[in-house]
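Everything below concerns the one structure shown next.
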Amino acid sequence: MRSGAASATSCDMMKKLFLLIAFLLPLAASAARPSRTVSKTEIAAIVSEFRRYDGVEVVKLNRLATGAVKGVVRLAAKSDPDAREALRMMKGLKKLTVLNYDDAAPEVKARLNARLAKALDGSELLMEAKDGGSALQIFGIVDDANGLVRDFVLHAPKDCALICAFGSMSLDSLSKLMAE
């Protein structure tokens with residue numbers, strides 16, 4: 001009879017342990033999960049969808065075009081220290097997308113801001129600056145070991161602007177540029 005009571009007690013303890021694990025497991029998983037990276041494909045899809053609306057302007061530079069820009073900056077860097085710093089910052093840049101939708105209809109702006117907010121939700125927010133009614137959000141992945149920031153996205157919803165610099169950039173050069 002005693003072994004039955006001990007067995008019931010150990011069974012109750014096991015149930016409590018499993019319940020405790022069941023409650024703590026989701027918390028541990030969410031705490032251990034890193035923030036997601038900026039979704040290049042999701043942002044590219046949004047840009048492609050909204051570029052056809054009046055008042056939406058898009059400038060996209062692929063790997064070849066960014067290489068050409070780097071070449072021009074390299075020529076200027078021979079005599080200009082600011083150009084040398086810009087070249088250092090752009091070294092790992094692969095793609096650049098600039099989206100300006102300031103002249104779009106209010107409903108287009110609202111839909112675009114909502115879609116961008118959803119696409120960037122959960123991405124690593126590096127900095128947020130607010131000035132009166134405007135806000136500026138900067139997303140990206142920081143690689144402290146190499147001093148780089150990857151997949152840099154700057155979004156200013158009130159100013160209707162999005163800048164995406166995909167690839168890697170020097171964190172030191174970027175912080176100098178932001179300070180100026």
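In the structure tokens, chains take letters A, B, ... by order of appearance, with residues numbered from 1 within each chain and ligands from 1 in the order shown.
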ask   = Excluding same-chain residues fewer than 6 positions from A:Arg115, what lies within 10 Å of it counting only C-alpha atoms, as a list of chain:residue names?
value = A:Glu42, A:Ile43, A:Ile46, A:Lys109, A:Asp121
What does the file look like for those residues with C-alpha atoms, as an mmCIF file, in the first residue's frame?
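After the write, selection_23.cif holds the following:
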data_model
loop_
_atom_site.group_PDB
_atom_site.id
_atom_site.type_symbol
_atom_site.label_atom_id
_atom_site.label_comp_id
_atom_site.auth_asym_id
_atom_site.auth_seq_id
_atom_site.Cartn_x
_atom_site.Cartn_y
_atom_site.Cartn_z
ATOM 1 C CA GLU A 42 9.143 41.590 -48.344
ATOM 2 C CA ILE A 43 10.397 45.161 -48.731
ATOM 3 C CA ILE A 46 6.144 46.366 -51.218
ATOM 4 C CA LYS A 109 0.625 56.851 -47.799
ATOM 5 C CA ASP A 121 7.969 44.592 -37.147
#
message = When you look at stretch 157-169 of chain A with a cut-off of 7 Å (counting only C-alpha atoms), what residues show up, excluding the ones that are within fewer than 3 positions of it in the same chain? I need them as JSON, numbers by chain.
response = {"A": [89, 90, 91, 92, 93, 94, 95, 96, 97, 98, 99, 100, 101, 102, 113, 134, 135, 148, 149, 150, 151, 152, 153, 154]}
task = Write down as a ChimeraX atom specification the residues of stretch 6-175 of chain A whose backbone DSSP state falls under strand (DSSP E).
result = /A:57-61,92-100,125-131,134-143,148-156,161-170
request  = Write out as an NGL selection string which residues come within 8 Å of A:Asp103 when counting only C-alpha atoms, dropping same-chain ones fewer than 4 positions away.
outcome  = :A and (54-56)
Okay, now the selection with C-alpha atoms, as a PDB file, in the first residue's frame?
ATOM      1  CA  ASP A  54       1.132  58.473 -58.626  1.00  0.00           C
ATOM      2  CA  GLY A  55       3.390  60.424 -56.294  1.00  0.00           C
ATOM      3  CA  VAL A  56       5.589  57.422 -55.461  1.00  0.00           C
TER       4      VAL A  56
END
For A:Val72: contacts at 12 Å, only C-alpha atoms, fewer than 5 positions along chain excluded, given as a PyMOL selection string = chain A and resi 65-67+77-78+83-84+86-87+90
